[in-house]
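Enquirer: Enclosed is the structure file target_24.pdb (PDB, C-alpha atoms).
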```pdb
ATOM      1  CA  MET A   1       0.000   0.000   0.000  1.00  0.00           C
ATOM      2  CA  ALA A   2       2.742   2.455   0.961  1.00  0.00           C
ATOM      3  CA  ASN A   3       4.542   1.583  -2.265  1.00  0.00           C
ATOM      4  CA  ARG A   4       1.468   2.547  -4.351  1.00  0.00           C
ATOM      5  CA  ILE A   5       1.142   5.834  -2.472  1.00  0.00           C
ATOM      6  CA  ALA A   6       4.823   6.563  -3.057  1.00  0.00           C
ATOM      7  CA  TRP A   7       4.459   5.837  -6.786  1.00  0.00           C
ATOM      8  CA  ALA A   8       1.312   7.974  -7.000  1.00  0.00           C
ATOM      9  CA  PHE A   9       3.157  10.791  -5.275  1.00  0.00           C
ATOM     10  CA  ILE A  10       6.118  10.461  -7.661  1.00  0.00           C
ATOM     11  CA  PHE A  11       3.835  10.523 -10.715  1.00  0.00           C
ATOM     12  CA  ALA A  12       1.970  13.544  -9.347  1.00  0.00           C
ATOM     13  CA  LEU A  13       5.253  15.391  -8.833  1.00  0.00           C
ATOM     14  CA  ALA A  14       6.392  14.476 -12.342  1.00  0.00           C
ATOM     15  CA  ALA A  15       3.121  15.747 -13.805  1.00  0.00           C
ATOM     16  CA  LEU A  16       3.377  18.941 -11.796  1.00  0.00           C
ATOM     17  CA  GLN A  17       6.951  19.527 -12.925  1.00  0.00           C
ATOM     18  CA  SER A  18       6.086  18.932 -16.556  1.00  0.00           C
ATOM     19  CA  SER A  19       3.160  21.336 -16.316  1.00  0.00           C
ATOM     20  CA  PHE A  20       5.537  23.993 -15.031  1.00  0.00           C
ATOM     21  CA  ALA A  21       7.956  23.276 -17.838  1.00  0.00           C
ATOM     22  CA  ALA A  22       5.297  23.450 -20.535  1.00  0.00           C
ATOM     23  CA  PRO A  23       5.058  26.817 -22.255  1.00  0.00           C
ATOM     24  CA  PRO A  24       1.781  28.699 -21.942  1.00  0.00           C
ATOM     25  CA  ALA A  25      -0.707  27.491 -24.524  1.00  0.00           C
ATOM     26  CA  ASN A  26      -1.914  30.933 -25.490  1.00  0.00           C
ATOM     27  CA  ARG A  27      -1.512  34.635 -24.932  1.00  0.00           C
ATOM     28  CA  TRP A  28      -4.223  34.787 -22.255  1.00  0.00           C
ATOM     29  CA  GLN A  29      -2.587  32.063 -20.219  1.00  0.00           C
ATOM     30  CA  LEU A  30       0.733  33.899 -20.496  1.00  0.00           C
ATOM     31  CA  GLN A  31      -0.897  37.140 -19.371  1.00  0.00           C
ATOM     32  CA  PHE A  32      -2.419  35.321 -16.411  1.00  0.00           C
ATOM     33  CA  GLU A  33       0.925  33.776 -15.447  1.00  0.00           C
ATOM     34  CA  VAL A  34       2.755  37.100 -15.750  1.00  0.00           C
ATOM     35  CA  THR A  35       0.070  38.869 -13.733  1.00  0.00           C
ATOM     36  CA  ASN A  36       0.289  36.162 -11.100  1.00  0.00           C
ATOM     37  CA  GLU A  37       4.085  36.559 -10.849  1.00  0.00           C
ATOM     38  CA  LEU A  38       3.743  40.314 -10.433  1.00  0.00           C
ATOM     39  CA  PHE A  39       0.892  39.951  -7.947  1.00  0.00           C
ATOM     40  CA  GLN A  40       2.912  37.590  -5.766  1.00  0.00           C
ATOM     41  CA  MET A  41       5.915  39.901  -5.839  1.00  0.00           C
ATOM     42  CA  ILE A  42       3.812  42.937  -4.958  1.00  0.00           C
ATOM     43  CA  THR A  43       1.992  41.266  -2.080  1.00  0.00           C
ATOM     44  CA  GLU A  44       5.247  39.931  -0.621  1.00  0.00           C
ATOM     45  CA  ALA A  45       6.947  43.308  -1.021  1.00  0.00           C
ATOM     46  CA  LEU A  46       4.048  45.127   0.603  1.00  0.00           C
ATOM     47  CA  GLU A  47       4.130  42.734   3.529  1.00  0.00           C
ATOM     48  CA  GLU A  48       7.875  43.247   4.002  1.00  0.00           C
ATOM     49  CA  LEU A  49       7.512  47.022   3.769  1.00  0.00           C
ATOM     50  CA  ARG A  50       4.565  47.002   6.119  1.00  0.00           C
ATOM     51  CA  ASN A  51       6.495  45.039   8.743  1.00  0.00           C
ATOM     52  CA  VAL A  52       9.478  47.395   8.658  1.00  0.00           C
ATOM     53  CA  PHE A  53       7.236  50.460   8.681  1.00  0.00           C
ATOM     54  CA  GLN A  54       5.270  49.115  11.640  1.00  0.00           C
ATOM     55  CA  LEU A  55       8.489  48.463  13.525  1.00  0.00           C
ATOM     56  CA  VAL A  56       9.592  52.053  12.894  1.00  0.00           C
ATOM     57  CA  ILE A  57       6.174  53.358  13.992  1.00  0.00           C
ATOM     58  CA  ASP A  58       6.201  51.294  17.190  1.00  0.00           C
ATOM     59  CA  GLU A  59       9.677  52.435  18.176  1.00  0.00           C
ATOM     60  CA  ALA A  60       9.002  56.058  17.247  1.00  0.00           C
ATOM     61  CA  GLU A  61       5.915  56.060  19.447  1.00  0.00           C
ATOM     62  CA  LEU A  62       8.004  54.738  22.338  1.00  0.00           C
ATOM     63  CA  ILE A  63      10.738  57.333  21.859  1.00  0.00           C
ATOM     64  CA  LEU A  64       8.794  60.456  20.899  1.00  0.00           C
ATOM     65  CA  PRO A  65       6.507  62.434  23.217  1.00  0.00           C
ATOM     66  CA  PRO A  66       2.788  61.633  22.694  1.00  0.00           C
ATOM     67  CA  ASN A  67       1.730  64.754  20.741  1.00  0.00           C
ATOM     68  CA  THR A  68       4.806  65.010  18.555  1.00  0.00           C
ATOM     69  CA  LYS A  69       4.250  66.181  14.980  1.00  0.00           C
ATOM     70  CA  SER A  70       6.062  64.141  12.351  1.00  0.00           C
ATOM     71  CA  LEU A  71       5.048  64.186   8.712  1.00  0.00           C
ATOM     72  CA  ILE A  72       6.976  60.994   8.016  1.00  0.00           C
ATOM     73  CA  LEU A  73       5.405  59.154  10.950  1.00  0.00           C
ATOM     74  CA  THR A  74       1.912  60.264   9.929  1.00  0.00           C
ATOM     75  CA  GLU A  75       2.468  59.066   6.363  1.00  0.00           C
ATOM     76  CA  LEU A  76       3.864  55.761   7.608  1.00  0.00           C
ATOM     77  CA  LYS A  77       0.780  55.175   9.729  1.00  0.00           C
ATOM     78  CA  GLU A  78      -1.500  55.930   6.788  1.00  0.00           C
ATOM     79  CA  LEU A  79       0.464  53.600   4.540  1.00  0.00           C
ATOM     80  CA  VAL A  80       0.401  50.747   7.068  1.00  0.00           C
ATOM     81  CA  ALA A  81      -3.346  51.250   7.554  1.00  0.00           C
ATOM     82  CA  ALA A  82      -3.840  51.172   3.774  1.00  0.00           C
ATOM     83  CA  VAL A  83      -1.846  47.945   3.451  1.00  0.00           C
ATOM     84  CA  ASP A  84      -3.632  46.348   6.420  1.00  0.00           C
ATOM     85  CA  SER A  85      -7.059  47.027   4.953  1.00  0.00           C
ATOM     86  CA  LEU A  86      -6.097  46.227   1.387  1.00  0.00           C
ATOM     87  CA  ASN A  87      -8.460  44.148  -0.692  1.00  0.00           C
ATOM     88  CA  PHE A  88      -6.825  43.386  -4.029  1.00  0.00           C
ATOM     89  CA  ASP A  89     -10.236  42.789  -5.585  1.00  0.00           C
ATOM     90  CA  ASP A  90     -11.267  46.392  -4.948  1.00  0.00           C
ATOM     91  CA  SER A  91      -9.845  48.780  -7.539  1.00  0.00           C
ATOM     92  CA  LEU A  92     -10.673  51.804  -5.348  1.00  0.00           C
ATOM     93  CA  GLU A  93      -8.513  50.406  -2.551  1.00  0.00           C
ATOM     94  CA  LEU A  94      -5.707  49.762  -5.018  1.00  0.00           C
ATOM     95  CA  SER A  95      -6.014  53.354  -6.174  1.00  0.00           C
ATOM     96  CA  ASN A  96      -5.885  54.544  -2.556  1.00  0.00           C
ATOM     97  CA  LEU A  97      -2.797  52.422  -1.958  1.00  0.00           C
ATOM     98  CA  GLU A  98      -1.167  53.891  -5.048  1.00  0.00           C
ATOM     99  CA  GLU A  99      -1.871  57.392  -3.733  1.00  0.00           C
ATOM    100  CA  ALA A 100      -0.476  56.463  -0.315  1.00  0.00           C
ATOM    101  CA  LEU A 101       2.683  55.065  -1.926  1.00  0.00           C
ATOM    102  CA  GLU A 102       3.103  58.217  -4.015  1.00  0.00           C
ATOM    103  CA  GLU A 103       2.686  60.357  -0.903  1.00  0.00           C
ATOM    104  CA  MET A 104       5.208  58.194   0.923  1.00  0.00           C
ATOM    105  CA  GLN A 105       7.618  58.582  -1.977  1.00  0.00           C
ATOM    106  CA  SER A 106       7.386  62.364  -1.740  1.00  0.00           C
ATOM    107  CA  VAL A 107       7.949  62.158   2.016  1.00  0.00           C
ATOM    108  CA  MET A 108      11.018  59.992   1.466  1.00  0.00           C
ATOM    109  CA  GLU A 109      12.325  62.508  -1.066  1.00  0.00           C
ATOM    110  CA  ILE A 110      12.014  65.151   1.634  1.00  0.00           C
ATOM    111  CA  ALA A 111      13.860  62.834   4.001  1.00  0.00           C
ATOM    112  CA  ASP A 112      16.608  62.305   1.427  1.00  0.00           C
ATOM    113  CA  SER A 113      16.978  66.050   0.991  1.00  0.00           C
ATOM    114  CA  ARG A 114      17.267  66.422   4.784  1.00  0.00           C
ATOM    115  CA  GLU A 115      14.631  69.185   4.806  1.00  0.00           C
ATOM    116  CA  PHE A 116      12.793  67.940   7.856  1.00  0.00           C
ATOM    117  CA  GLU A 117       9.709  69.618   9.203  1.00  0.00           C
ATOM    118  CA  SER A 118      10.558  68.586  12.747  1.00  0.00           C
ATOM    119  CA  GLU A 119      13.128  66.902  14.926  1.00  0.00           C
ATOM    120  CA  ALA A 120      10.687  64.017  15.162  1.00  0.00           C
ATOM    121  CA  ASP A 121      11.142  63.432  11.431  1.00  0.00           C
ATOM    122  CA  GLU A 122      14.871  63.136  12.030  1.00  0.00           C
ATOM    123  CA  VAL A 123      14.230  60.531  14.732  1.00  0.00           C
ATOM    124  CA  VAL A 124      11.935  58.572  12.421  1.00  0.00           C
ATOM    125  CA  LEU A 125      14.530  58.681   9.650  1.00  0.00           C
ATOM    126  CA  GLN A 126      17.185  57.379  12.038  1.00  0.00           C
ATOM    127  CA  LEU A 127      14.846  54.524  12.960  1.00  0.00           C
ATOM    128  CA  PHE A 128      14.465  53.763   9.263  1.00  0.00           C
ATOM    129  CA  ILE A 129      18.212  53.549   8.901  1.00  0.00           C
ATOM    130  CA  GLN A 130      18.533  51.514  12.087  1.00  0.00           C
ATOM    131  CA  HIS A 131      16.004  48.962  10.840  1.00  0.00           C
ATOM    132  CA  GLY A 132      17.738  48.501   7.543  1.00  0.00           C
ATOM    133  CA  VAL A 133      15.541  50.298   5.055  1.00  0.00           C
ATOM    134  CA  ASP A 134      18.519  50.348   2.693  1.00  0.00           C
ATOM    135  CA  ASP A 135      18.846  46.574   3.064  1.00  0.00           C
ATOM    136  CA  LEU A 136      15.114  46.209   2.545  1.00  0.00           C
ATOM    137  CA  GLU A 137      15.358  48.202  -0.664  1.00  0.00           C
ATOM    138  CA  LYS A 138      18.086  45.863  -1.908  1.00  0.00           C
ATOM    139  CA  ILE A 139      15.981  42.821  -1.002  1.00  0.00           C
ATOM    140  CA  LEU A 140      12.950  44.231  -2.805  1.00  0.00           C
ATOM    141  CA  GLU A 141      15.085  45.026  -5.835  1.00  0.00           C
ATOM    142  CA  LEU A 142      16.438  41.473  -5.840  1.00  0.00           C
ATOM    143  CA  ASN A 143      12.874  40.113  -5.608  1.00  0.00           C
ATOM    144  CA  LEU A 144      11.892  42.310  -8.538  1.00  0.00           C
ATOM    145  CA  GLU A 145      14.859  41.037 -10.527  1.00  0.00           C
ATOM    146  CA  THR A 146      13.933  37.421  -9.747  1.00  0.00           C
ATOM    147  CA  THR A 147      10.315  38.032 -10.745  1.00  0.00           C
ATOM    148  CA  LEU A 148      11.327  39.688 -14.000  1.00  0.00           C
ATOM    149  CA  LYS A 149      13.628  36.759 -14.800  1.00  0.00           C
ATOM    150  CA  ALA A 150      10.736  34.343 -14.207  1.00  0.00           C
ATOM    151  CA  ILE A 151       8.531  36.435 -16.493  1.00  0.00           C
ATOM    152  CA  GLU A 152      11.289  36.525 -19.088  1.00  0.00           C
ATOM    153  CA  MET A 153      11.438  32.726 -19.061  1.00  0.00           C
ATOM    154  CA  LYS A 154       7.652  32.449 -19.414  1.00  0.00           C
ATOM    155  CA  VAL A 155       7.610  34.804 -22.397  1.00  0.00           C
ATOM    156  CA  GLN A 156      10.602  33.073 -23.954  1.00  0.00           C
ATOM    157  CA  ASN A 157       8.899  29.684 -23.567  1.00  0.00           C
ATOM    158  CA  TYR A 158       5.736  31.090 -25.106  1.00  0.00           C
ATOM    159  CA  LEU A 159       7.562  32.613 -28.071  1.00  0.00           C
ATOM    160  CA  SER A 160       9.497  29.378 -28.580  1.00  0.00           C
ATOM    161  CA  THR A 161       6.225  27.730 -29.620  1.00  0.00           C
ATOM    162  CA  TRP A 162       5.808  30.153 -32.516  1.00  0.00           C
ATOM    163  CA  SER A 163       6.686  29.230 -36.072  1.00  0.00           C
ATOM    164  CA  ASP A 164       9.296  31.215 -37.989  1.00  0.00           C
ATOM    165  CA  SER A 165       6.580  32.838 -40.075  1.00  0.00           C
ATOM    166  CA  ARG A 166       4.666  33.918 -36.968  1.00  0.00           C
ATOM    167  CA  LEU A 167       7.855  35.328 -35.459  1.00  0.00           C
ATOM    168  CA  ALA A 168       8.473  37.245 -38.691  1.00  0.00           C
ATOM    169  CA  ARG A 169       4.904  38.610 -38.719  1.00  0.00           C
ATOM    170  CA  ASN A 170       5.359  39.762 -35.130  1.00  0.00           C
ATOM    171  CA  SER A 171       8.871  41.153 -35.492  1.00  0.00           C
ATOM    172  CA  ASP A 172       8.035  44.282 -33.456  1.00  0.00           C
ATOM    173  CA  LEU A 173       6.904  42.114 -30.572  1.00  0.00           C
ATOM    174  CA  VAL A 174      10.018  39.952 -30.846  1.00  0.00           C
ATOM    175  CA  LYS A 175      12.164  43.102 -30.803  1.00  0.00           C
ATOM    176  CA  GLN A 176      10.342  44.338 -27.694  1.00  0.00           C
ATOM    177  CA  PHE A 177      11.035  41.023 -26.003  1.00  0.00           C
ATOM    178  CA  LYS A 178      14.728  41.143 -26.938  1.00  0.00           C
ATOM    179  CA  ASP A 179      14.967  44.691 -25.575  1.00  0.00           C
ATOM    180  CA  PHE A 180      13.247  43.538 -22.388  1.00  0.00           C
ATOM    181  CA  LYS A 181      15.491  40.492 -22.088  1.00  0.00           C
ATOM    182  CA  ASN A 182      18.702  42.450 -22.662  1.00  0.00           C
ATOM    183  CA  GLU A 183      17.867  45.264 -20.250  1.00  0.00           C
ATOM    184  CA  GLU A 184      20.115  45.138 -17.174  1.00  0.00           C
ATOM    185  CA  ASP A 185      18.465  47.791 -14.994  1.00  0.00           C
ATOM    186  CA  VAL A 186      15.513  46.217 -13.159  1.00  0.00           C
ATOM    187  CA  TYR A 187      13.441  49.395 -13.169  1.00  0.00           C
ATOM    188  CA  GLU A 188      13.982  49.944 -16.883  1.00  0.00           C
ATOM    189  CA  LYS A 189      13.166  46.279 -17.422  1.00  0.00           C
ATOM    190  CA  LEU A 190       9.920  46.689 -15.478  1.00  0.00           C
ATOM    191  CA  ASP A 191       9.100  49.732 -17.592  1.00  0.00           C
ATOM    192  CA  LYS A 192       9.725  47.751 -20.776  1.00  0.00           C
ATOM    193  CA  LEU A 193       7.428  45.021 -19.466  1.00  0.00           C
ATOM    194  CA  SER A 194       4.645  47.513 -18.801  1.00  0.00           C
ATOM    195  CA  ASN A 195       4.933  48.763 -22.389  1.00  0.00           C
ATOM    196  CA  PHE A 196       5.175  45.287 -23.916  1.00  0.00           C
ATOM    197  CA  ASP A 197       2.534  44.938 -26.675  1.00  0.00           C
ATOM    198  CA  LEU A 198       1.955  41.330 -25.691  1.00  0.00           C
ATOM    199  CA  PHE A 199       0.313  42.490 -22.457  1.00  0.00           C
ATOM    200  CA  ASN A 200      -1.581  45.520 -23.735  1.00  0.00           C
TER     201      ASN A 200
END
```
As structure tokens, how would this structure be written, given the file I've shared?

Expert:
Amino acid sequence: MANRIAWAFIFALAALQSSFAAPPANRWQLQFEVTNELFQMITEALEELRNVFQLVIDEAELILPPNTKSLILTELKELVAAVDSLNFDDSLELSNLEEALEEMQSVMEIADSREFESEADEVVLQLFIQHGVDDLEKILELNLETTLKAIEMKVQNYLSTWSDSRLARNSDLVKQFKDFKNEEDVYEKLDKLSNFDLFN
């Protein structure tokens, strides 16, 4: 009995592996797989950011007097609240999150320029540094790079199923893919992906 279960398990694993190796059957499946890769990366990145931000908030609230004004701390709290209540099925919430991220980006630009509105902002920035925001940025960038490589492989597998005549008819698309594949900068690569005709 155990032998049959072991063989069934082995065959199931083999089938699963071959399904991962198989190129997407059509454009819609590829779009779904690419969207899924990006979705997983975004949700994991948001969770990592949220955890670091919450740690900074918690420590700042312990260090700073109760009624302290800090633009950065206020924005962090709003961003954490937005992430905590996020429902990826609700486009309005996604829009609100995008606005919160844009606001946070502008706050971080202020922090980078060292034009603080208060001493509390300086404390919050020091907590950011202490909790490895720079390391977190590197980790997120590495995750983005890994995700883009996975997407690259999916697109390459998909295009490998095309005939020479289909590749010739879609030469602009093939060129876009080559540009995407050859791009070294992860942010430029992400930009090329967002402008890829295959997904628009």

Enquirer: Where does the PyMOL selection byres ((chain A and resi 45) around 10) land in this file, that is, which residues does it pick, as a ChimeraX atom specification?

Expert: /A:39-44,46-51,136-137,139-141,143-144

Enquirer: List the spatial neighbours of Asp197 of chain A as a PyMOL selection string - criterion: any atom at most 12 Å away, only C-alpha atoms, same-chain residues fewer than 4 positions off excluded.

Expert: chain A and resi 27+31+170-177+180+192-193

Enquirer: If the PyMOL selection byres ((chain A and resi 189) around 12) is run on the structure shown, which residues does it catch, given as a compact mmCIF listing (two decimals) with C-alpha atoms, keeping the file's coordinate frame?

Expert:
```txt
# COMPACT_ATOMS: atom_id res chain seq x y z
CA GLU A 141 15.08 45.03 -5.84
CA LEU A 144 11.89 42.31 -8.54
CA GLU A 145 14.86 41.04 -10.53
CA THR A 146 13.93 37.42 -9.75
CA THR A 147 10.32 38.03 -10.74
CA LEU A 148 11.33 39.69 -14.00
CA LYS A 149 13.63 36.76 -14.80
CA ILE A 151 8.53 36.44 -16.49
CA GLU A 152 11.29 36.52 -19.09
CA GLN A 176 10.34 44.34 -27.69
CA PHE A 177 11.04 41.02 -26.00
CA LYS A 178 14.73 41.14 -26.94
CA ASP A 179 14.97 44.69 -25.58
CA PHE A 180 13.25 43.54 -22.39
CA LYS A 181 15.49 40.49 -22.09
CA ASN A 182 18.70 42.45 -22.66
CA GLU A 183 17.87 45.26 -20.25
CA GLU A 184 20.11 45.14 -17.17
CA ASP A 185 18.46 47.79 -14.99
CA VAL A 186 15.51 46.22 -13.16
CA TYR A 187 13.44 49.40 -13.17
CA GLU A 188 13.98 49.94 -16.88
CA LEU A 190 9.92 46.69 -15.48
CA ASP A 191 9.10 49.73 -17.59
CA LYS A 192 9.72 47.75 -20.78
CA LEU A 193 7.43 45.02 -19.47
CA SER A 194 4.64 47.51 -18.80
CA ASN A 195 4.93 48.76 -22.39
CA PHE A 196 5.18 45.29 -23.92
```

Enquirer: Could you check how far atom CA of Glu122 of chain A sits from atom CA of Ile63 of chain A, in Å to one decimal?

Expert: 12.1 Å

Enquirer: Could you write out as a list in words the residues that the PyMOL selection byres ((chain A and resi 74) around 12) matches in the shown file?

Expert: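 Applied to this file, the PyMOL selection byres ((chain A and resi 74) around 12) returns Phe53, Gln54, Val56, Ile57, Ala60, Glu61, Asn67, Thr68, Lys69, Ser70, Leu71, Ile72, Leu73, Glu75, Leu76, Lys77, Glu78, Leu79, Val80, Ala81, Ala100, Glu103, Met104, Val107, Ala120, Asp121 and Val124 of chain A.
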
Enquirer: Interatomic distance between atom CA of Glu33 of chain A and atom CA of Val155 of chain A?

Expert: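 So the answer is 9.7 Å.
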
Enquirer: Taking all atoms of segment 172-190 of chain A that the file lists and extending 8 Å past them on each side, where is the centre of the axis-aligned box and how long are its edges? Answer in Å to one decimal, as AutoDock Vina command-line options.

Expert:
```
--center_x 13.5 --center_y 44.9 --center_z -23.3 --size_x 29.2 --size_y 26.0 --size_z 36.3
```

Enquirer: As an exercise, work out the distance from atom CA of Leu30 of chain A to atom CA of Met153 of chain A in Å and give it to one decimal place.

Expert: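 About the pair atom CA of Leu30 of chain A and atom CA of Met153 of chain A: they are 10.9 Å apart.
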
Enquirer: Can you take segment 131-157 of chain A from the block and write N, CA and C atoms as a short mmCIF file (atom, residue, chain, number, x, y, z; two decimals), in the first residue's frame?

Expert:
```cif
data_model
loop_
_atom_site.label_atom_id
_atom_site.label_comp_id
_atom_site.auth_asym_id
_atom_site.auth_seq_id
_atom_site.Cartn_x
_atom_site.Cartn_y
_atom_site.Cartn_z
N HIS A 131 16.71 50.21 11.16
CA HIS A 131 16.00 48.96 10.84
C HIS A 131 16.25 48.48 9.42
N GLY A 132 17.27 49.04 8.81
CA GLY A 132 17.74 48.50 7.54
C GLY A 132 16.87 48.77 6.34
N VAL A 133 16.35 49.97 6.23
CA VAL A 133 15.54 50.30 5.05
C VAL A 133 16.37 50.16 3.78
N ASP A 134 17.65 50.51 3.87
CA ASP A 134 18.52 50.35 2.69
C ASP A 134 18.64 48.88 2.32
N ASP A 135 18.78 48.02 3.33
CA ASP A 135 18.85 46.57 3.06
C ASP A 135 17.53 46.08 2.49
N LEU A 136 16.44 46.60 3.03
CA LEU A 136 15.11 46.21 2.55
C LEU A 136 14.95 46.59 1.08
N GLU A 137 15.44 47.76 0.73
CA GLU A 137 15.36 48.20 -0.66
C GLU A 137 16.13 47.25 -1.57
N LYS A 138 17.29 46.81 -1.12
CA LYS A 138 18.09 45.86 -1.91
C LYS A 138 17.36 44.52 -2.05
N ILE A 139 16.73 44.09 -0.97
CA ILE A 139 15.98 42.82 -1.00
C ILE A 139 14.81 42.93 -1.98
N LEU A 140 14.09 44.04 -1.91
CA LEU A 140 12.95 44.23 -2.80
C LEU A 140 13.41 44.30 -4.26
N GLU A 141 14.54 44.94 -4.48
CA GLU A 141 15.09 45.03 -5.84
C GLU A 141 15.48 43.64 -6.35
N LEU A 142 16.06 42.84 -5.47
CA LEU A 142 16.44 41.47 -5.84
C LEU A 142 15.19 40.64 -6.15
N ASN A 143 14.14 40.82 -5.35
CA ASN A 143 12.87 40.11 -5.61
C ASN A 143 12.29 40.53 -6.95
N LEU A 144 12.38 41.81 -7.25
CA LEU A 144 11.89 42.31 -8.54
C LEU A 144 12.69 41.69 -9.67
N GLU A 145 14.00 41.64 -9.50
CA GLU A 145 14.86 41.04 -10.53
C GLU A 145 14.51 39.57 -10.74
N THR A 146 14.29 38.84 -9.66
CA THR A 146 13.93 37.42 -9.75
C THR A 146 12.59 37.25 -10.46
N THR A 147 11.64 38.09 -10.11
CA THR A 147 10.32 38.03 -10.74
C THR A 147 10.41 38.33 -12.23
N LEU A 148 11.18 39.34 -12.58
CA LEU A 148 11.33 39.69 -14.00
C LEU A 148 12.03 38.58 -14.78
N LYS A 149 12.97 37.90 -14.14
CA LYS A 149 13.63 36.76 -14.80
C LYS A 149 12.62 35.63 -15.04
N ALA A 150 11.76 35.39 -14.05
CA ALA A 150 10.74 34.34 -14.21
C ALA A 150 9.78 34.71 -15.34
N ILE A 151 9.41 35.97 -15.42
CA ILE A 151 8.53 36.44 -16.49
C ILE A 151 9.24 36.30 -17.84
N GLU A 152 10.50 36.66 -17.86
CA GLU A 152 11.29 36.52 -19.09
C GLU A 152 11.27 35.08 -19.59
N MET A 153 11.44 34.14 -18.68
CA MET A 153 11.44 32.73 -19.06
C MET A 153 10.06 32.31 -19.59
N LYS A 154 9.01 32.79 -18.96
CA LYS A 154 7.65 32.45 -19.41
C LYS A 154 7.40 32.98 -20.83
N VAL A 155 7.81 34.22 -21.07
CA VAL A 155 7.61 34.80 -22.40
C VAL A 155 8.48 34.08 -23.42
N GLN A 156 9.70 33.78 -23.04
CA GLN A 156 10.60 33.07 -23.95
C GLN A 156 10.03 31.69 -24.30
N ASN A 157 9.52 30.99 -23.31
CA ASN A 157 8.90 29.68 -23.57
C ASN A 157 7.69 29.82 -24.49
#
```
